[in-house]
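Data block for protein-v4.cif (mmCIF, C-alpha atoms):
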data_run
#
loop_
_atom_site.group_PDB
_atom_site.id
_atom_site.type_symbol
_atom_site.label_atom_id
_atom_site.label_comp_id
_atom_site.auth_asym_id
_atom_site.auth_seq_id
_atom_site.Cartn_x
_atom_site.Cartn_y
_atom_site.Cartn_z
ATOM 1 C CA GLN A 1 1.414 -19.306 -7.428
ATOM 2 C CA VAL A 2 1.798 -16.103 -5.461
ATOM 3 C CA GLN A 3 -0.245 -13.241 -6.816
ATOM 4 C CA LEU A 4 -1.310 -9.774 -5.670
ATOM 5 C CA VAL A 5 -4.087 -8.012 -7.525
ATOM 6 C CA GLU A 6 -4.987 -4.399 -6.832
ATOM 7 C CA SER A 7 -8.349 -2.848 -7.667
ATOM 8 C CA GLY A 8 -10.391 0.213 -6.878
ATOM 9 C CA GLY A 9 -8.454 2.878 -8.720
ATOM 10 C CA GLY A 10 -10.044 5.386 -11.016
ATOM 11 C CA LEU A 11 -10.817 9.033 -11.603
ATOM 12 C CA VAL A 12 -12.025 11.058 -8.636
ATOM 13 C CA GLN A 13 -12.530 14.762 -8.037
ATOM 14 C CA PRO A 14 -10.426 16.659 -5.507
ATOM 15 C CA GLY A 15 -11.837 16.140 -2.040
ATOM 16 C CA GLY A 16 -13.266 12.765 -2.965
ATOM 17 C CA SER A 17 -12.539 9.296 -1.647
ATOM 18 C CA LEU A 18 -11.494 5.933 -2.986
ATOM 19 C CA ARG A 19 -10.846 2.556 -1.404
ATOM 20 C CA LEU A 20 -8.171 0.417 -2.943
ATOM 21 C CA SER A 21 -8.146 -3.333 -2.469
ATOM 22 C CA CYS A 22 -5.330 -5.835 -2.777
ATOM 23 C CA ALA A 23 -6.303 -9.477 -2.932
ATOM 24 C CA ALA A 24 -3.649 -12.115 -2.426
ATOM 25 C CA SER A 25 -3.457 -15.722 -3.529
ATOM 26 C CA GLY A 26 -0.848 -18.367 -2.920
ATOM 27 C CA PHE A 27 0.253 -17.057 0.477
ATOM 28 C CA THR A 28 -1.021 -15.285 3.582
ATOM 29 C CA LEU A 29 -0.963 -11.610 2.741
ATOM 30 C CA ASP A 30 -0.121 -10.015 6.062
ATOM 31 C CA TYR A 31 1.731 -12.846 7.790
ATOM 32 C CA TYR A 32 4.886 -10.762 8.014
ATOM 33 C CA GLY A 33 3.998 -7.338 6.645
ATOM 34 C CA VAL A 34 2.063 -5.595 3.937
ATOM 35 C CA GLY A 35 1.993 -2.151 2.441
ATOM 36 C CA TRP A 36 0.928 0.295 -0.200
ATOM 37 C CA PHE A 37 3.294 2.250 -2.414
ATOM 38 C CA ARG A 38 2.728 4.767 -5.167
ATOM 39 C CA GLN A 39 4.580 6.233 -8.091
ATOM 40 C CA ALA A 40 3.531 9.483 -9.670
ATOM 41 C CA PRO A 41 4.594 10.448 -13.202
ATOM 42 C CA GLY A 42 8.210 11.539 -13.214
ATOM 43 C CA LYS A 43 8.732 10.696 -9.557
ATOM 44 C CA GLU A 44 10.265 7.861 -7.612
ATOM 45 C CA ARG A 45 8.146 5.259 -5.927
ATOM 46 C CA GLU A 46 7.282 6.103 -2.321
ATOM 47 C CA GLY A 47 5.884 4.177 0.573
ATOM 48 C CA VAL A 48 2.386 5.337 1.453
ATOM 49 C CA SER A 49 1.424 3.043 4.305
ATOM 50 C CA CYS A 50 2.700 -0.222 5.721
ATOM 51 C CA PHE A 51 1.707 -2.625 8.467
ATOM 52 C CA HIS A 52 4.251 -4.706 10.387
ATOM 53 C CA SER A 53 2.439 -7.873 11.431
ATOM 54 C CA SER A 54 4.818 -8.974 14.187
ATOM 55 C CA ASP A 55 4.814 -5.816 16.275
ATOM 56 C CA GLY A 56 1.595 -4.270 15.000
ATOM 57 C CA SER A 57 3.230 -1.022 13.994
ATOM 58 C CA THR A 58 1.879 1.068 11.157
ATOM 59 C CA TYR A 59 3.612 3.645 8.990
ATOM 60 C CA TYR A 60 1.994 6.473 7.082
ATOM 61 C CA ALA A 61 3.821 8.939 4.883
ATOM 62 C CA ASP A 62 3.502 12.480 6.197
ATOM 63 C CA SER A 63 1.661 13.501 3.060
ATOM 64 C CA VAL A 64 -1.214 11.074 3.757
ATOM 65 C CA LYS A 65 -1.442 11.074 7.558
ATOM 66 C CA GLY A 66 -4.985 11.726 8.704
ATOM 67 C CA ARG A 67 -6.380 11.068 5.238
ATOM 68 C CA PHE A 68 -5.417 7.466 4.385
ATOM 69 C CA THR A 69 -6.048 4.315 6.411
ATOM 70 C CA ILE A 70 -4.643 0.850 5.860
ATOM 71 C CA SER A 71 -6.695 -2.141 6.972
ATOM 72 C CA ARG A 72 -6.817 -5.893 6.495
ATOM 73 C CA ASP A 73 -9.456 -8.589 6.165
ATOM 74 C CA ASN A 74 -7.696 -11.815 7.054
ATOM 75 C CA ALA A 75 -10.677 -13.953 6.077
ATOM 76 C CA LYS A 76 -10.510 -12.528 2.567
ATOM 77 C CA ASN A 77 -6.701 -12.361 2.493
ATOM 78 C CA THR A 78 -7.097 -8.764 1.379
ATOM 79 C CA VAL A 79 -5.608 -5.447 2.399
ATOM 80 C CA TYR A 80 -7.284 -2.101 1.808
ATOM 81 C CA LEU A 81 -6.249 1.511 1.548
ATOM 82 C CA GLN A 82 -9.014 3.967 2.328
ATOM 83 C CA MET A 83 -8.147 7.328 0.808
ATOM 84 C CA ASN A 84 -10.086 10.436 1.795
ATOM 85 C CA SER A 85 -9.744 14.126 0.978
ATOM 86 C CA LEU A 86 -7.838 13.309 -2.163
ATOM 87 C CA THR A 87 -5.816 15.992 -3.901
ATOM 88 C CA PRO A 88 -4.232 16.113 -7.365
ATOM 89 C CA GLU A 89 -0.908 15.374 -5.633
ATOM 90 C CA ASP A 90 -2.249 11.912 -4.823
ATOM 91 C CA THR A 91 -2.424 11.030 -8.510
ATOM 92 C CA ALA A 92 -0.228 7.984 -9.042
ATOM 93 C CA VAL A 93 -0.121 4.291 -9.730
ATOM 94 C CA TYR A 94 -0.675 2.542 -6.415
ATOM 95 C CA TYR A 95 1.008 -0.778 -5.718
ATOM 96 C CA CYS A 96 0.395 -3.348 -3.055
ATOM 97 C CA ALA A 97 3.360 -5.288 -1.684
ATOM 98 C CA ALA A 98 3.922 -7.962 0.926
ATOM 99 C CA ALA A 99 6.806 -9.573 2.753
ATOM 100 C CA GLY A 100 7.423 -13.283 2.440
ATOM 101 C CA ALA A 101 9.743 -13.528 5.425
ATOM 102 C CA PRO A 102 10.273 -11.773 8.768
ATOM 103 C CA VAL A 103 10.939 -8.077 8.404
ATOM 104 C CA THR A 104 12.933 -5.701 10.535
ATOM 105 C CA THR A 105 10.984 -2.476 11.030
ATOM 106 C CA VAL A 106 7.983 -0.867 9.432
ATOM 107 C CA GLN A 107 10.202 2.021 8.328
ATOM 108 C CA ALA A 108 12.530 -0.376 6.528
ATOM 109 C CA MET A 109 9.585 -2.041 4.813
ATOM 110 C CA CYS A 110 8.062 1.193 3.674
ATOM 111 C CA VAL A 111 10.810 3.763 3.359
ATOM 112 C CA THR A 112 14.436 2.747 3.499
ATOM 113 C CA GLU A 113 14.575 -0.724 1.963
ATOM 114 C CA PRO A 114 11.235 -1.824 0.499
ATOM 115 C CA THR A 115 12.833 -3.732 -2.359
ATOM 116 C CA LEU A 116 14.811 -5.724 0.191
ATOM 117 C CA TRP A 117 11.953 -6.597 2.517
ATOM 118 C CA MET A 118 8.913 -6.723 0.226
ATOM 119 C CA ASP A 119 8.987 -9.938 -1.779
ATOM 120 C CA TYR A 120 5.705 -9.742 -3.648
ATOM 121 C CA TRP A 121 4.341 -6.840 -5.667
ATOM 122 C CA GLY A 122 1.131 -6.262 -7.546
ATOM 123 C CA LYS A 123 0.927 -4.661 -10.962
ATOM 124 C CA GLY A 124 -0.686 -1.508 -9.667
ATOM 125 C CA THR A 125 -3.885 0.449 -10.044
ATOM 126 C CA LEU A 126 -4.087 4.003 -11.346
ATOM 127 C CA VAL A 127 -5.587 6.752 -9.219
ATOM 128 C CA THR A 128 -6.254 10.066 -10.919
ATOM 129 C CA VAL A 129 -7.458 13.040 -8.896
ATOM 130 C CA SER A 130 -8.715 15.763 -11.176
ATOM 131 C CA SER A 131 -11.657 18.065 -11.688
#
For the file at hand, write its structure as structure tokens.
Amino acid sequence: QVQLVESGGGLVQPGGSLRLSCAASGFTLDYYGVGWFRQAPGKEREGVSCFHSSDGSTYYADSVKGRFTISRDNAKNTVYLQMNSLTPEDTAVYYCAAAGAPVTTVQAMCVTEPTLWMDYWGKGTLVTVSS
């Protein structure tokens, strides 16, 4: 059974840091591609960061460049999202997603067609940035 489970969310003050984790079971998490998405209240889901396993390319949304870092631990079949210098605008439910088949580009995975390319989704973890 394929499963993605996110953890690490919570309440943090502006300027603080959090590390989200996404543990996979039932398949190899980053065999084709993996990514993090978020949805803030009243807003559409957006791609935060994705990794394309075949060509090694990485995507970061402009709003998180220089602050967030995606990484993987293949031995643990886990992907992480290190989030630094958090602002209230980062408040959202964060979802992990992974592709189950070859993907086209990292931009397609993360921005233009994530529902087409990402086959597996976690249930999300809430991040709240507030003083």
Residues near His52 (chain A), cut-off 9 Å, only C-alpha atoms, skip fewer than 5 positions along chain, as a tab-separated table (two decimals) with C-alpha atoms, in the frame of the given file:
chain	number	residue	atom	x	y	z
A	30	ASP	CA	-0.12	-10.02	6.06
A	31	TYR	CA	1.73	-12.85	7.79
A	32	TYR	CA	4.89	-10.76	8.01
A	33	GLY	CA	4.00	-7.34	6.64
A	34	VAL	CA	2.06	-5.60	3.94
A	35	GLY	CA	1.99	-2.15	2.44
A	57	SER	CA	3.23	-1.02	13.99
A	58	THR	CA	1.88	1.07	11.16
A	59	TYR	CA	3.61	3.64	8.99
A	103	VAL	CA	10.94	-8.08	8.40
A	104	THR	CA	12.93	-5.70	10.54
A	105	THR	CA	10.98	-2.48	11.03
A	106	VAL	CA	7.98	-0.87	9.43
A	109	MET	CA	9.59	-2.04	4.81
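Across A:Leu29, A:Leu116, A:Cys22, A:Met83, the tightest approach to Phe68 (chain A) is made by A:Met83 when counting only C-alpha atoms.
One finds CA of Gln13 (chain A) at 27.5 Å from CA of Trp121 (chain A).
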So, with only C-alpha atoms as the atoms that count, which of A:Ala101, A:Val79, A:Ile70, A:Val129 lies closest to Ala40 (chain A)? A:Val129
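Picked by the PyMOL selection byres ((chain A and resi 18) around 9) from the coordinates shown: Gly8, Gly9, Gly10, Val12, Gly16, Ser17, Arg19, Leu20, Leu81, Gln82, Met83, Asn84, Leu86 and Val127 of chain A.
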Evaluate the PyMOL selection byres ((chain A and resi 36-39) around 9) here and jot the selected residues down as number ranges by chain. A: 34-35, 40-50, 70, 80-81, 90-98, 110, 124
Quick one: residues within 7 Å of Val2 (chain A), all atoms listed in the file, excluding same-chain residues fewer than 6 positions away - as a list of chain:residue names? A:Ser25, A:Gly26, A:Phe27
d(CA of Gly66 (chain A), CA of Thr87 (chain A)) in Å: 13.3 Å
Centre, edges in Å (one decimal): axis-aligned box, region 115-130 of chain A, 5 Å padding on all six sides, as lines of an AutoDock Vina configuration file:
center_x = 3.0
center_y = 2.9
center_z = -4.4
size_x = 33.5
size_y = 35.7
size_z = 23.9
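Atom pair CA of Gly15 (chain A) / CA of Lys76 (chain A) has a distance of 29.1 Å (rounded to one decimal).
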Distance query Ala23 (chain A) at most 7 Å, only C-alpha atoms, self and fewer than 5 positions along chain excluded, as an MDAnalysis selection string: chainID A and resid 4:6 77:79
Restricting to only C-alpha atoms, whichever of A:Ser130, A:Thr125, A:Thr28, A:Thr112 is closest to Leu11 (chain A) is A:Ser130
Taking into account all atoms listed in the file, which residue in the set A:Pro14, A:Ser21, A:Lys123, A:Ser85 is nearest to Arg67 (chain A)? A:Ser85
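If you measure from each of A:Ser71, A:Phe51, A:Thr128, A:Ala61 to Pro88 (chain A) using only C-alpha atoms, the closest one turns out to be A:Thr128.
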